[in-house]
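As provided, upload-v7.tsv (TSV, C-alpha atoms and all ligand atoms) reads as follows.
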```tsv
chain	number	residue	atom	x	y	z
A	1	MET	CA	64.13	136.68	180.38
A	2	THR	CA	63.87	135.17	176.93
A	3	HIS	CA	63.73	137.38	173.91
A	4	CYS	CA	61.94	136.27	170.82
A	5	TYR	CA	62.44	138.74	168.05
A	6	ILE	CA	61.91	138.28	164.39
A	7	SER	CA	64.67	139.82	162.31
A	8	ALA	CA	63.41	138.85	158.88
A	9	VAL	CA	60.31	137.38	157.38
A	10	ALA	CA	59.44	136.42	153.80
A	11	THR	CA	56.31	134.95	152.24
A	12	ALA	CA	56.09	133.11	148.93
A	13	THR	CA	53.52	131.20	146.90
A	14	ALA	CA	54.12	128.30	144.54
A	15	HIS	CA	51.91	125.95	142.57
A	16	ALA	CA	52.01	122.19	142.20
A	17	ASN	CA	52.83	120.67	138.84
A	18	ILE	CA	51.92	117.42	137.12
A	19	ALA	CA	54.41	115.64	134.88
A	20	LEU	CA	53.50	114.75	131.29
A	21	VAL	CA	56.82	112.90	130.98
A	22	LYS	CA	57.47	111.33	134.36
A	23	TYR	CA	60.43	111.41	136.70
A	24	TRP	CA	60.91	108.05	138.40
A	25	GLY	CA	64.38	107.16	139.70
A	26	LYS	CA	67.34	109.01	141.15
A	27	SER	CA	71.00	108.80	140.18
A	28	GLN	CA	71.95	110.12	143.62
A	29	VAL	CA	69.81	110.14	146.74
A	30	ALA	CA	71.87	112.45	149.00
A	31	LEU	CA	71.82	115.36	146.54
A	32	ASN	CA	68.45	114.27	145.11
A	33	ILE	CA	69.64	114.11	141.50
A	34	PRO	CA	67.18	112.56	139.05
A	35	ALA	CA	68.46	109.85	136.72
A	36	ALA	CA	66.58	111.39	133.78
A	37	GLY	CA	64.71	114.52	132.75
A	38	SER	CA	60.96	115.19	132.95
A	39	LEU	CA	58.36	117.59	131.56
A	40	SER	CA	55.44	119.11	133.46
A	41	LEU	CA	52.63	121.64	133.57
A	42	THR	CA	52.35	123.93	136.60
A	43	LEU	CA	48.77	124.13	137.92
A	44	GLU	CA	47.11	127.30	139.15
A	45	ALA	CA	44.49	125.56	141.31
A	46	LEU	CA	46.93	123.76	143.64
A	47	SER	CA	49.03	126.18	145.63
A	48	THR	CA	51.12	126.47	148.77
A	49	ARG	CA	51.73	129.71	150.64
A	50	THR	CA	54.72	129.68	152.94
A	51	GLN	CA	56.07	132.22	155.40
A	52	VAL	CA	59.59	131.90	156.82
A	53	SER	CA	60.46	133.99	159.90
A	54	LEU	CA	63.91	134.11	161.44
A	55	GLN	CA	63.83	133.72	165.20
A	56	ASP	CA	66.22	133.19	168.08
A	57	GLY	CA	64.90	129.88	169.42
A	58	ALA	CA	67.01	126.71	169.63
A	59	GLU	CA	64.89	124.70	167.18
A	60	ASP	CA	63.10	125.26	163.91
A	61	GLN	CA	59.33	125.24	164.10
A	62	LEU	CA	56.89	124.12	161.43
A	63	TYR	CA	53.18	124.82	161.21
A	64	LEU	CA	51.18	123.07	158.50
A	65	ASP	CA	47.78	124.62	157.86
A	66	GLY	CA	48.05	126.22	161.31
A	67	ALA	CA	48.87	123.03	163.26
A	68	PRO	CA	52.35	122.41	164.72
A	69	ALA	CA	54.18	119.61	162.88
A	70	GLU	CA	57.03	117.47	164.21
A	71	GLY	CA	58.86	114.27	163.25
A	72	ARG	CA	59.66	113.58	159.62
A	73	ALA	CA	57.99	116.68	158.19
A	74	LEU	CA	59.91	119.02	160.53
A	75	ALA	CA	63.20	117.15	160.01
A	76	ARG	CA	62.82	117.49	156.22
A	77	VAL	CA	62.12	121.22	156.45
A	78	SER	CA	65.00	121.74	158.92
A	79	ALA	CA	67.44	119.86	156.68
A	80	PHE	CA	66.30	121.99	153.75
A	81	MET	CA	66.76	125.23	155.73
A	82	ASP	CA	70.29	124.02	156.64
A	83	LEU	CA	71.18	124.22	152.93
A	84	ILE	CA	70.28	127.93	152.97
A	85	ARG	CA	71.89	128.57	156.38
A	86	ASP	CA	75.13	126.90	155.24
A	87	ARG	CA	75.30	129.13	152.18
A	88	VAL	CA	74.89	132.37	154.09
A	89	GLY	CA	76.81	131.24	157.20
A	90	SER	CA	73.89	131.66	159.58
A	91	THR	CA	72.72	129.50	162.45
A	92	ALA	CA	69.43	131.35	162.94
A	93	ARG	CA	66.41	129.13	163.51
A	94	VAL	CA	63.18	129.70	161.67
A	95	ARG	CA	59.47	129.38	162.08
A	96	VAL	CA	57.85	128.09	158.89
A	97	ASP	CA	54.11	128.54	158.38
A	98	SER	CA	52.85	126.70	155.34
A	99	SER	CA	49.35	126.18	154.06
A	100	ASN	CA	47.93	124.41	151.04
A	101	ASN	CA	44.72	125.42	149.33
A	102	PHE	CA	44.03	121.73	148.61
A	103	PRO	CA	43.69	118.69	150.90
A	104	THR	CA	47.22	117.39	151.68
A	105	ALA	CA	45.82	114.12	153.02
A	106	ALA	CA	44.37	113.30	149.61
A	107	GLY	CA	47.94	112.61	148.45
A	108	LEU	CA	48.01	115.22	145.72
A	109	ALA	CA	51.41	116.53	144.63
A	110	SER	CA	52.11	118.75	147.63
A	111	SER	CA	55.91	118.41	147.91
A	112	ALA	CA	56.47	120.26	144.62
A	113	SER	CA	54.61	123.42	145.63
A	114	ALA	CA	55.82	123.11	149.24
A	115	PHE	CA	59.55	123.03	148.48
A	116	ALA	CA	59.35	125.57	145.66
A	117	ALA	CA	57.61	128.00	148.05
A	118	LEU	CA	60.06	127.16	150.87
A	119	ALA	CA	63.07	127.70	148.59
A	120	ARG	CA	61.71	131.07	147.49
A	121	ALA	CA	60.65	132.33	150.95
A	122	GLY	CA	63.58	130.71	152.81
A	123	SER	CA	66.25	132.19	150.55
A	124	ALA	CA	64.60	135.64	150.73
A	125	ALA	CA	64.33	135.52	154.54
A	126	PHE	CA	68.10	134.96	154.76
A	127	GLY	CA	68.86	137.58	152.09
A	128	LEU	CA	70.21	134.94	149.72
A	129	GLU	CA	69.80	136.13	146.13
A	130	LEU	CA	69.45	133.30	143.65
A	131	SER	CA	68.93	133.19	139.90
A	132	PRO	CA	65.88	131.19	138.71
A	133	ARG	CA	68.22	128.31	137.82
A	134	GLU	CA	69.86	128.36	141.27
A	135	LEU	CA	66.44	128.46	142.87
A	136	SER	CA	65.40	125.41	140.83
A	137	ILE	CA	68.54	123.55	141.93
A	138	LEU	CA	67.84	124.47	145.56
A	139	ALA	CA	64.17	123.44	145.36
A	140	ARG	CA	65.26	120.10	143.86
A	141	ARG	CA	67.06	119.25	147.11
A	142	GLY	CA	63.67	119.29	148.86
A	143	SER	CA	61.85	117.30	146.19
A	144	GLY	CA	62.71	116.51	142.57
A	145	SER	CA	59.42	117.80	141.21
A	146	ALA	CA	59.80	121.07	143.19
A	147	ALA	CA	62.58	122.10	140.80
A	148	ARG	CA	59.85	122.35	138.13
A	149	SER	CA	57.40	124.35	140.29
A	150	VAL	CA	59.86	127.26	140.36
A	151	PHE	CA	58.51	128.02	136.86
A	152	GLY	CA	55.06	128.46	135.38
A	153	GLY	CA	53.34	126.77	132.43
A	154	PHE	CA	55.12	123.92	130.64
A	155	VAL	CA	58.48	123.18	132.24
A	156	ARG	CA	61.31	120.85	131.27
A	157	MET	CA	63.69	119.40	133.83
A	158	GLN	CA	67.09	118.07	132.85
A	159	ALA	CA	69.19	115.65	134.87
A	160	GLY	CA	72.56	116.64	133.37
A	161	GLN	CA	75.81	114.75	133.93
A	162	ALA	CA	77.35	116.62	136.87
A	163	ALA	CA	77.80	114.52	140.01
A	164	ASP	CA	77.26	117.61	142.18
A	165	GLY	CA	73.77	118.21	140.75
A	166	SER	CA	74.71	121.56	139.21
A	167	GLU	CA	73.18	120.52	135.87
A	168	ALA	CA	69.97	119.11	137.36
A	169	PHE	CA	67.51	122.00	137.05
A	170	ALA	CA	64.33	122.98	135.25
A	171	ARG	CA	63.57	125.69	132.71
A	172	PRO	CA	60.27	127.04	131.39
A	173	LEU	CA	59.18	126.12	127.86
A	174	SER	CA	57.83	129.61	127.41
A	175	GLU	CA	57.76	129.52	123.60
A	176	LEU	CA	54.90	126.99	123.60
A	177	ASP	CA	51.49	128.53	122.98
A	178	LEU	CA	49.32	125.43	123.46
A	179	GLU	CA	46.86	125.85	126.33
A	180	LEU	CA	46.04	122.74	128.27
A	181	HIS	CA	43.96	122.63	131.45
A	182	ALA	CA	43.93	119.87	134.03
A	183	VAL	CA	41.00	117.95	135.46
A	184	ILE	CA	41.98	116.03	138.58
A	185	ALA	CA	39.82	113.08	139.56
A	186	VAL	CA	40.48	112.72	143.29
A	187	ALA	CA	40.00	109.06	144.25
A	188	ALA	CA	38.18	108.30	147.47
A	189	ALA	CA	41.27	106.92	149.23
A	190	GLY	CA	43.64	107.86	152.03
A	191	PRO	CA	47.18	109.21	151.69
A	192	LYS	CA	49.55	107.32	149.40
A	193	LYS	CA	51.09	104.24	150.95
A	194	VAL	CA	54.57	104.37	149.39
A	195	GLY	CA	56.16	107.83	149.11
A	196	SER	CA	57.93	108.77	145.89
A	197	THR	CA	61.49	108.59	147.27
A	198	ASP	CA	60.99	105.13	148.78
A	199	GLY	CA	59.07	103.96	145.73
A	200	MET	CA	61.76	105.14	143.32
A	201	GLU	CA	64.60	103.59	145.28
A	202	HIS	CA	62.83	100.27	145.68
A	203	THR	CA	62.07	100.30	141.95
A	204	ARG	CA	65.67	101.16	141.02
A	205	GLN	CA	66.99	98.36	143.21
A	206	THR	CA	64.59	95.58	142.25
A	207	SER	CA	62.68	96.27	139.02
A	208	PRO	CA	63.99	94.39	135.96
A	209	TYR	CA	62.31	97.06	133.80
A	210	HIS	CA	64.13	100.04	135.31
A	211	ALA	CA	66.92	100.35	132.72
A	212	ALA	CA	64.37	100.16	129.89
A	213	TRP	CA	62.25	102.82	131.59
A	214	LEU	CA	65.19	105.21	131.95
A	215	GLN	CA	66.23	104.65	128.35
A	216	GLN	CA	62.75	105.57	127.12
A	217	VAL	CA	62.58	108.92	128.95
A	218	GLU	CA	65.02	110.92	126.78
A	219	SER	CA	63.26	110.14	123.49
A	220	ASP	CA	59.84	110.73	125.13
A	221	LEU	CA	61.03	114.17	126.24
A	222	GLU	CA	62.09	115.20	122.75
A	223	ALA	CA	58.97	113.79	121.14
A	224	THR	CA	56.63	115.36	123.72
A	225	GLU	CA	58.19	118.80	123.40
A	226	ALA	CA	57.84	118.52	119.60
A	227	ALA	CA	54.20	117.35	119.87
A	228	LEU	CA	53.40	120.29	122.20
A	229	LYS	CA	54.94	122.67	119.63
A	230	GLU	CA	52.97	121.10	116.81
A	231	LYS	CA	49.80	120.84	118.93
A	232	ASP	CA	49.57	117.22	117.82
A	233	PHE	CA	46.96	115.90	120.20
A	234	ASP	CA	46.96	112.26	119.12
A	235	ARG	CA	50.72	112.10	119.49
A	236	LEU	CA	50.55	113.81	122.90
A	237	ALA	CA	47.97	111.30	124.12
A	238	GLU	CA	50.19	108.43	123.01
A	239	LEU	CA	53.33	109.89	124.61
A	240	VAL	CA	51.87	111.15	127.89
A	241	GLU	CA	49.80	108.06	128.63
A	242	GLY	CA	52.77	105.96	127.48
A	243	SER	CA	55.15	107.68	129.93
A	244	CYS	CA	52.68	107.27	132.78
A	245	LEU	CA	51.95	103.62	132.09
A	246	ALA	CA	55.65	102.79	131.61
A	247	MET	CA	56.51	104.46	134.94
A	248	HIS	CA	53.81	102.44	136.69
A	249	ALA	CA	54.88	99.25	134.87
A	250	ASP	CA	58.42	99.84	136.19
A	251	ALA	CA	57.10	100.27	139.74
A	252	MET	CA	54.75	97.29	139.45
A	253	ALA	CA	57.64	95.11	138.28
A	254	ALA	CA	59.64	95.88	141.47
A	255	ARG	CA	59.84	92.99	143.99
A	256	PRO	CA	57.50	93.28	145.82
A	257	GLY	CA	55.58	95.31	143.26
A	258	ILE	CA	54.32	98.82	143.99
A	259	LEU	CA	50.77	99.42	142.83
A	260	TYR	CA	49.49	102.99	142.99
A	261	PHE	CA	46.40	102.39	140.85
A	262	GLN	CA	43.15	101.64	142.64
A	263	ALA	CA	39.69	100.82	141.31
A	264	PRO	CA	38.72	104.50	140.77
A	265	THR	CA	41.99	105.08	138.84
A	266	LEU	CA	41.12	102.31	136.37
A	267	ALA	CA	37.53	103.52	136.02
A	268	ALA	CA	38.81	107.04	135.28
A	269	ILE	CA	41.33	105.72	132.71
A	270	GLU	CA	38.52	103.89	130.90
A	271	ARG	CA	36.40	107.04	130.97
A	272	VAL	CA	39.18	109.22	129.49
A	273	ARG	CA	39.82	106.71	126.71
A	274	ALA	CA	36.09	106.46	125.95
A	275	LEU	CA	35.85	110.26	125.76
A	276	ARG	CA	38.80	110.34	123.37
A	277	ALA	CA	37.35	107.59	121.20
A	278	ALA	CA	34.19	109.71	120.95
A	279	GLY	CA	36.17	112.73	119.73
A	280	THR	CA	37.13	114.71	122.87
A	281	GLU	CA	40.75	115.92	123.00
A	282	VAL	CA	41.80	114.47	126.35
A	283	PHE	CA	44.54	112.25	127.77
A	284	PHE	CA	45.55	111.17	131.26
A	285	THR	CA	48.43	110.72	133.66
A	286	VAL	CA	48.72	109.29	137.20
A	287	ASP	CA	51.39	110.11	139.81
A	288	ALA	CA	52.51	108.05	142.81
A	289	GLY	CA	48.95	107.77	144.11
A	290	PRO	CA	45.46	106.76	142.95
A	291	HIS	CA	44.32	110.09	141.46
A	292	LEU	CA	44.01	110.58	137.71
A	293	VAL	CA	44.86	113.88	136.03
A	294	ALA	CA	43.30	114.53	132.63
A	295	PHE	CA	44.69	117.18	130.27
A	296	THR	CA	42.34	118.87	127.84
A	297	PRO	CA	41.90	122.19	125.97
A	298	PRO	CA	39.91	124.80	127.98
A	299	ALA	CA	36.83	124.44	125.74
A	300	GLN	CA	36.46	120.76	126.66
A	301	ARG	CA	37.29	121.04	130.33
A	302	ALA	CA	33.68	121.21	131.59
A	303	ALA	CA	32.66	118.09	129.66
A	304	VAL	CA	35.72	116.16	130.91
A	305	ALA	CA	35.05	117.30	134.50
A	306	ALA	CA	31.43	116.17	134.27
A	307	ALA	CA	32.40	112.77	132.87
A	308	LEU	CA	35.06	112.18	135.54
A	309	SER	CA	32.92	113.31	138.49
A	310	ASP	CA	30.41	110.70	137.42
A	311	CYS	CA	33.05	107.93	137.65
A	312	PRO	CA	32.70	105.29	140.39
A	313	GLY	CA	34.96	106.04	143.37
A	314	VAL	CA	35.84	109.57	142.29
A	315	ALA	CA	35.21	111.71	145.38
A	316	GLU	CA	35.94	115.13	143.95
A	317	VAL	CA	37.04	116.78	140.73
A	318	ILE	CA	39.42	119.75	140.74
A	319	THR	CA	39.94	121.73	137.54
A	320	SER	CA	42.89	123.98	136.85
A	321	ALA	CA	44.33	126.40	134.32
A	322	PRO	CA	48.12	126.56	133.94
A	323	GLY	CA	49.79	128.25	136.91
A	324	ALA	CA	52.62	130.74	137.36
A	325	GLY	CA	56.04	130.09	138.85
A	326	ALA	CA	57.04	130.49	142.50
A	327	ALA	CA	56.70	134.13	143.55
A	328	LEU	CA	57.71	136.21	146.50
A	329	GLU	CA	54.73	137.97	148.04
A	330	SER	CA	56.42	140.06	150.69
A	331	THR	CA	59.53	140.50	152.78
A	332	GLY	CA	60.02	142.43	155.97
A	401	LIG	O1	59.35	115.12	143.49
A	401	LIG	P1	58.96	113.80	144.05
A	401	LIG	O2	60.04	113.17	144.83
A	401	LIG	O3	57.68	113.88	144.80
A	401	LIG	O4	58.69	112.78	142.81
A	401	LIG	C1	57.69	112.96	141.86
A	401	LIG	C2	57.35	111.67	141.22
A	401	LIG	C3	56.11	111.67	140.33
A	401	LIG	O5	55.17	112.60	140.81
A	401	LIG	C4	55.48	110.28	140.37
A	401	LIG	C5	56.44	111.97	138.88
A	401	LIG	C6	56.79	113.38	138.54
A	401	LIG	O6	57.60	113.55	137.62
A	401	LIG	O7	56.25	114.32	139.15
```

Translate this structure into structure tokens?
Amino acid sequence: MTHCYISAVATATAHANIALVKYWGKSQVALNIPAAGSLSLTLEALSTRTQVSLQDGAEDQLYLDGAPAEGRALARVSAFMDLIRDRVGSTARVRVDSSNNFPTAAGLASSASAFAALARAGSAAFGLELSPRELSILARRGSGSAARSVFGGFVRMQAGQAADGSEAFARPLSELDLELHAVIAVAAAGPKKVGSTDGMEHTRQTSPYHAAWLQQVESDLEATEAALKEKDFDRLAELVEGSCLAMHADAMAARPGILYFQAPTLAAIERVRALRAAGTEVFFTVDAGPHLVAFTPPAQRAAVAAALSDCPGVAEVITSAPGAGAALESTG
């Protein structure tokens, strides 16, 4: 007779984040250490809820939005859970149930919320108590941007110097009182073709612009944090769009070049710049996919959303206030 008992279960929620100063390039793939820092805003509207249950089966199980998942997704989750099991000296298998409140297939930033929620719920299920910094370092092993989703609001990630990754963690910029909302223009396209890890590595190995890109990041980080403090919108627009376009220029210059922009991305960029020229406080960024994210003060969010939903090729517009950090909902 087989027994299947659950000895511990924990549930956590985390939100996705979008970088204003981009992360593109690793100094170490095995430990997932970024080559430079980054700066992001956590978004309330995009969230992942994850439950981790210890069980006595021989294999880990993963359910994404209720459907069993295997292959690469399961292997990535299993390898991540090994990090927690190794620390507590356990060999217990887990069942992970994870669901997003946004369409994963659209290629929105799901790994950030997914691994921040998994780090929070997974560590709690195994009784592993971690400080926020340790949690950020753990989440980073799943995905670089997940280290930022451990915290809410504006968040700054540092790469540090340590070869073991112990200095590569995020911290909240809680002293900032600027409120920016996000308007996401979801392009009518399938999932992204080149994932961030593959895209970054290919860029690092073949792009002649990569060193220049990395050199730019540190000064962009300082300047962006200062512009957020000073609420200098024109400067923010210059810096945030500059970081995004430089990251994409680096990727485009790889051989063969990686092009994440599609026709709707360019139409949305034009629209944001036209709005700004007409006096709206708005600027854009684009991640490793075709969707544009506009940042704007709450009072102008409805106008920006209306303008972007009217853009050719934009299938859907999602608006979001700043979100909170990863949080444990329950344990049992
Ligand atoms: O965390 P990853 O491996 O999904 O990389 C994120 C890369 C970008 O989204 C393109 C930029 C960023 O800083 O979030």

Item to check | Protein and nucleic residues near ligand LIG 401 (chain A), 7 Å, only C-alpha atoms and all ligand atoms, as a PyMOL selection string | outcome: chain A and resi 18-19+21-24+38+109+111-112+143-146+196-197+287-288

File of the preceding selection, C-alpha atoms, as a short mmCIF file (atom, residue, chain, number, x, y, z; two decimals), keeping the file's coordinate frame:
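Below is the file selection_4.cif, written as the result:
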```cif
data_model
loop_
_atom_site.label_atom_id
_atom_site.label_comp_id
_atom_site.auth_asym_id
_atom_site.auth_seq_id
_atom_site.Cartn_x
_atom_site.Cartn_y
_atom_site.Cartn_z
CA ILE A 18 51.92 117.42 137.12
CA ALA A 19 54.41 115.64 134.88
CA VAL A 21 56.82 112.90 130.98
CA LYS A 22 57.47 111.33 134.36
CA TYR A 23 60.43 111.41 136.70
CA TRP A 24 60.91 108.05 138.40
CA SER A 38 60.96 115.19 132.95
CA ALA A 109 51.41 116.53 144.63
CA SER A 111 55.91 118.41 147.91
CA ALA A 112 56.47 120.26 144.62
CA SER A 143 61.85 117.30 146.19
CA GLY A 144 62.71 116.51 142.57
CA SER A 145 59.42 117.80 141.21
CA ALA A 146 59.80 121.07 143.19
CA SER A 196 57.93 108.77 145.89
CA THR A 197 61.49 108.59 147.27
CA ASP A 287 51.39 110.11 139.81
CA ALA A 288 52.51 108.05 142.81
#
```

Checklist entry - Do you know which residues are at most 6 Å from Asn17 in chain A counting all atoms listed in the file, after dropping those on the same chain fewer than 2 positions away, and could you put them as a PyMOL selection string? => result chain A and resi 41-43

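For the pair CA of Arg87 in chain A and CA of Ser131 in chain A, the separation is 14.4 Å.
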
Checklist outcome for this item: From the list A:Val304, A:Ala73, A:Ala114, A:Cys244, the nearest residue to Gln216 in chain A using all atoms listed in the file is A:Cys244

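The gap separating CA of Phe283 in chain A from CA of Leu178 in chain A is 14.7 Å, in Å to one decimal.
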
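Residues with any atom within 12 Å of Arg276 in chain A, counting all atoms listed in the file and excluding same-chain neighbours fewer than 5 positions away, are A:Phe233, A:Asp234, A:Ala237, A:Glu238, A:Ile269, A:Glu270, A:Arg271, A:Glu281, A:Val282, A:Phe283, A:Phe284, A:Ala294, A:Phe295, A:Thr296, A:Gln300, A:Ala303, A:Val304, A:Ala307.
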
Checklist outcome for this item: Expressed in Å, the length from CA of His210 in chain A to CA of Pro256 in chain A is 14.1 Å

Next on the checklist: With all atoms listed in the file as the counted atoms, please give the residues lying no more than 7 Å from Val314 in chain A, apart from itself and same-chain residues fewer than 4 positions off, as a ChimeraX atom specification.
Outcome noted: /A:185-188,264,309

Can you spit out the residues from that selection as a compact mmCIF listing (two decimals), in the frame of the given file, using C-alpha atoms?
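The result, stored in result36.txt:
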```txt
# COMPACT_ATOMS: atom_id res chain seq x y z
CA ALA A 185 39.82 113.08 139.56
CA VAL A 186 40.48 112.72 143.29
CA ALA A 187 40.00 109.06 144.25
CA ALA A 188 38.18 108.30 147.47
CA PRO A 264 38.72 104.50 140.77
CA SER A 309 32.92 113.31 138.49
```
